[in-house]
Amino acid sequence: MISVSIEGPLATIALDAPATRNALGLVGWQALADAVEQVAASSARALILRSAAPGMFCSGSNLREIAALADHADLRAPFRRAMRDAMEPLAALPIATIALVEGDCFGAGVALALACDMRIASPRAAFAVTPAKLGITYPQEDVARLVALIGRGQAARMLYGAGRIDADEAARIGLVEVLADDAVAVAQGLAGQVAANAPGSVASLKAMVLRDSPSPQFDAAFDQAFAGADFCEGLAAFRERRTPAFEDVAPIDANHTRS
Amino acid sequence: MISVSIEGPLATIALDAPATRNALGLVGWQALADAVEQVAASSARALILRSAAPGMFCSGSNLREIAALADHADLRAPFRRAMRDAMEPLAALPIATIALVEGDCFGAGVALALACDMRIASPRAAFAVTPAKLGITYPQEDVARLVALIGRGQAARMLYGAGRIDADEAARIGLVEVLADDAVAVAQGLAGQVAANAPGSVASLKAMVLRDSPSPQFDAAFDQAFAGADFCEGLAAFRERRTPAFEDVAPIDANHTRS
Amino acid sequence: MISVSIEGPLATIALDAPATRNALGLVGWQALADAVEQVAASSARALILRSAAPGMFCSGSNLREIAALADHADLRAPFRRAMRDAMEPLAALPIATIALVEGDCFGAGVALALACDMRIASPRAAFAVTPAKLGITYPQEDVARLVALIGRGQAARMLYGAGRIDADEAARIGLVEVLADDAVAVAQGLAGQVAANAPGSVASLKAMVLRDSPSPQFDAAFDQAFAGADFCEGLAAFRERRTPAFEDVAPIDANHTRS
């Protein structure tokens, strides 16, 4: 249903339930939480979250299961917590995380993409946040991430209208960071670029990106980093030209490219 | 001066003072506050705020009236409060609100558009935030909404430069969510799309979009929604195919379309 | 190394160390802090921060100097504070500030551009935030400004990947407000536009843009402004048509224009 693979510095979590276009039920959310834990315990430096089958991403929560919540009040909080227990550890992973979206990304599938640091879409990607169609709401953390990413106006349009937007529109409004014909290569290139950098730097920078308020710990981390082995190595690599000089730094492997 | 009409689920507030291109004075702000109250008390599920006359939106505060504030210190706070008493209840309406901008949107007119959830513009739309030209400032809530929507950099450019931007530039910087030749049809289509969704969902989602901080009430609302009639209806509609499956969900009726 | 010039209402701070493409070391940061203080003490109404030599902006911190931080723990906090002592007063200047970026803008150079209110780029501009390449981090205030400007997703891409983005991509993701072939003219035009407006208005509006939370002081400033000489002058200019009517307001001198 969900597979985890770790090849060198790159972890991949693949949703693998093509019959439901990767809809997730209670068991699925728990499997995802386990998968995230596995990645957290590994030495991976970047994670790609994707569909195992081509042309899809995640069609959201399993509708049959959430239908049961109408009659079973006692299952509602556990359902909410199961989603959160997968989503929040994913969002908090101290490595770079990339959602690779090559098809439909609906309902809780959008929340999943939002819990990643970056979203790389192929032209077949399509997005819809559909709870208002069903008379339900959306987890507050996911609403907050949507608003943080695309602003209140576009979030309102997606949440209240619950309409579908295509890949071009998703790129225009900032719901995906990169739209590319070769989304797989772009996602892998970006993951490789991150993995080549210092993991301690990425973890520290990510902690700052995710936090809203200032903290003395970030100043301490700033100072401390100069004492680290990664800095020695970084400087050495720079001096020996094993990495390019700043001026020759490789172009980001992920421009908004459509032929 | 300001008219309210409610047709089924759709409310429309139309500014109707074409001689001043819908400039608003004290009486106008009060009339707007009344209009918003009327909409709040109705069963409308979406609101379009627009000009009754074509080719305009709102030219801002009535200049003759604000000129009087130079000599009448006692009128300044009431003027500020009159604007706020229209603007904040508009921003807080628990239904989806759309500003339809088909012409000049200047000064306090921009604040009015910002108090709506979404902004749909026609190619004739033009925007300018002009207080710095006149030696005055702008209500802090409106500055906050401008920054939240377009970011500090573009807000700085609009507020400190006070220059005019056209519809294309407004779409580029995210000041309007959709720019379309047929802005009226797009706004009505989006309003209809929202109105077809569950009003309780829209109200809950909007409360989350407008709030910055987490709250246990949103979790409670999330759980509660599964007990609601809207969810029953939503599920039934889905099962009977009265609404399309998620994968066939209608494209959002409001892409950035220019011929 | 750093020059300050003030011509009428326009201040210019020019980085002038072309041999290192305007890399900044401890002495450079202190010189910049001094330059900012000089501008703050002047009657300038707008500041352009740029390179004295064409085709560059700032290549970041002086690498030789930061290399020394590996072995000299006692120099780390002073280095961090020297950057901050230049950056924060620049960010807090009560006049409009524009970074004119006509070439490489790397590492701490990006932080410098982010500390300005607006960023105008020429097609030769290129950006990279490179600490993760070197095993170090980035000052937390600069991370916060980056996230505020381009959102968490694009900030993640720039910070964790540390790749280079070109001027078009920078404009697309909102890292620069304006990209123009004639970036110099656009920056000067925008500075002139701001300088023609009321400085008290610009200062008040900027205080609101930079603050996140509401404050009664902004309401007081709103009311007070109507008593000011700038408002008298603004009204008079408007009435005598010395400034155009709102409807005829000059187009913002800074659209996203590429031939």
# chains A, B, ... in the order shown; residues from 1 in each chain; ligands from 1
>>> interface_residues(of="chain B", to="chain C", cutoff="6 Å", atoms="only C-alpha atoms", output="PyMOL selection string")
chain B and resi 69-70+76+132-137+151+153+160-161+163-165
>>> residues_around(residues="Ala33 (chain C)", least_positions_apart="3", cutoff="7 Å", atoms="only C-alpha atoms", output="mmCIF file with N, CA and C atoms, in the first residue's frame")
data_model
loop_
_atom_site.group_PDB
_atom_site.id
_atom_site.type_symbol
_atom_site.label_atom_id
_atom_site.label_comp_id
_atom_site.auth_asym_id
_atom_site.auth_seq_id
_atom_site.Cartn_x
_atom_site.Cartn_y
_atom_site.Cartn_z
ATOM 1 N N TRP C 29 30.995 45.348 6.644
ATOM 2 C CA TRP C 29 29.702 45.453 7.338
ATOM 3 C C TRP C 29 29.653 46.706 8.200
ATOM 4 N N GLN C 30 30.801 47.022 8.817
ATOM 5 C CA GLN C 30 30.821 48.240 9.639
ATOM 6 C C GLN C 30 30.694 49.486 8.763
ATOM 7 N N VAL C 36 24.548 53.540 6.368
ATOM 8 C CA VAL C 36 23.111 53.591 6.679
ATOM 9 C C VAL C 36 22.829 54.711 7.675
ATOM 10 N N GLU C 37 23.726 54.837 8.662
ATOM 11 C CA GLU C 37 23.559 55.902 9.655
ATOM 12 C C GLU C 37 23.616 57.277 8.995
ATOM 13 N N ASP C 85 24.173 44.458 12.650
ATOM 14 C CA ASP C 85 24.225 45.894 12.931
ATOM 15 C C ASP C 85 24.179 46.734 11.652
ATOM 16 N N ALA C 86 24.473 46.093 10.527
ATOM 17 C CA ALA C 86 24.274 46.788 9.247
ATOM 18 C C ALA C 86 22.868 46.514 8.727
#
>>> select_by_dssp(residues="region 19-193 of chain A", states="helix (DSSP H, G or I)", output="PyMOL selection string")
chain A and resi 19-20+26-41+63-68+73-92+108-115+131-134+140-161+167-173+183-193
>>> atom_distance(atom1="CA of Val147 (chain A)", atom2="CA of Ala111 (chain A)")
11.6 Å
>>> residues_around(residues="Ala126 (chain C)", least_positions_apart="6", cutoff="10 Å", atoms="only C-alpha atoms", output="short mmCIF file (atom, residue, chain, number, x, y, z; two decimals) with C-alpha atoms, in the first residue's frame")
data_model
loop_
_atom_site.label_atom_id
_atom_site.label_comp_id
_atom_site.auth_asym_id
_atom_site.auth_seq_id
_atom_site.Cartn_x
_atom_site.Cartn_y
_atom_site.Cartn_z
CA GLU A 247 29.84 32.78 -8.91
CA PRO A 251 21.76 26.79 -11.70
CA MET C 56 27.27 42.83 -10.06
CA PHE C 57 25.53 43.33 -6.72
CA VAL C 101 20.45 44.17 -8.54
CA GLU C 102 22.30 44.04 -11.85
CA GLY C 103 24.35 40.91 -11.38
CA ASP C 104 25.32 38.20 -8.90
CA CYS C 105 23.56 38.42 -5.56
CA PHE C 106 24.81 35.53 -3.42
CA VAL C 110 20.61 38.17 -0.77
CA ARG C 164 21.27 29.59 -8.40
CA ILE C 165 18.16 31.21 -9.87
CA ASP C 166 18.17 33.66 -12.68
CA ALA C 167 16.34 36.96 -12.97
CA ASP C 168 13.25 35.56 -14.68
CA GLU C 169 12.82 32.90 -12.03
CA ALA C 170 13.43 35.47 -9.29
#
>>> residues_around(residues="Ala183 (chain C)", least_positions_apart="3", cutoff="7 Å", atoms="only C-alpha atoms", output="count of residues only")
7
>>> select_by_dssp(residues="region 16-218 of chain B", states="strand (DSSP E or B)", output="PyMOL selection string")
chain B and resi 24+46-51+56-58+61+96-101+104-106+118-121+126-128+164-166+178-180
>>> atom_distance(atom1="CA of Asp16 (chain B)", atom2="CA of Ile2 (chain B)")
5.4 Å
>>> atom_distance(atom1="CA of Gly107 (chain A)", atom2="CA of Ala125 (chain A)")
13.8 Å
>>> closest_residue(among="B:Ala99, B:Ala92, B:Val27, B:Ala115", to="Ser61 (chain B)", atoms="only C-alpha atoms")
B:Val27
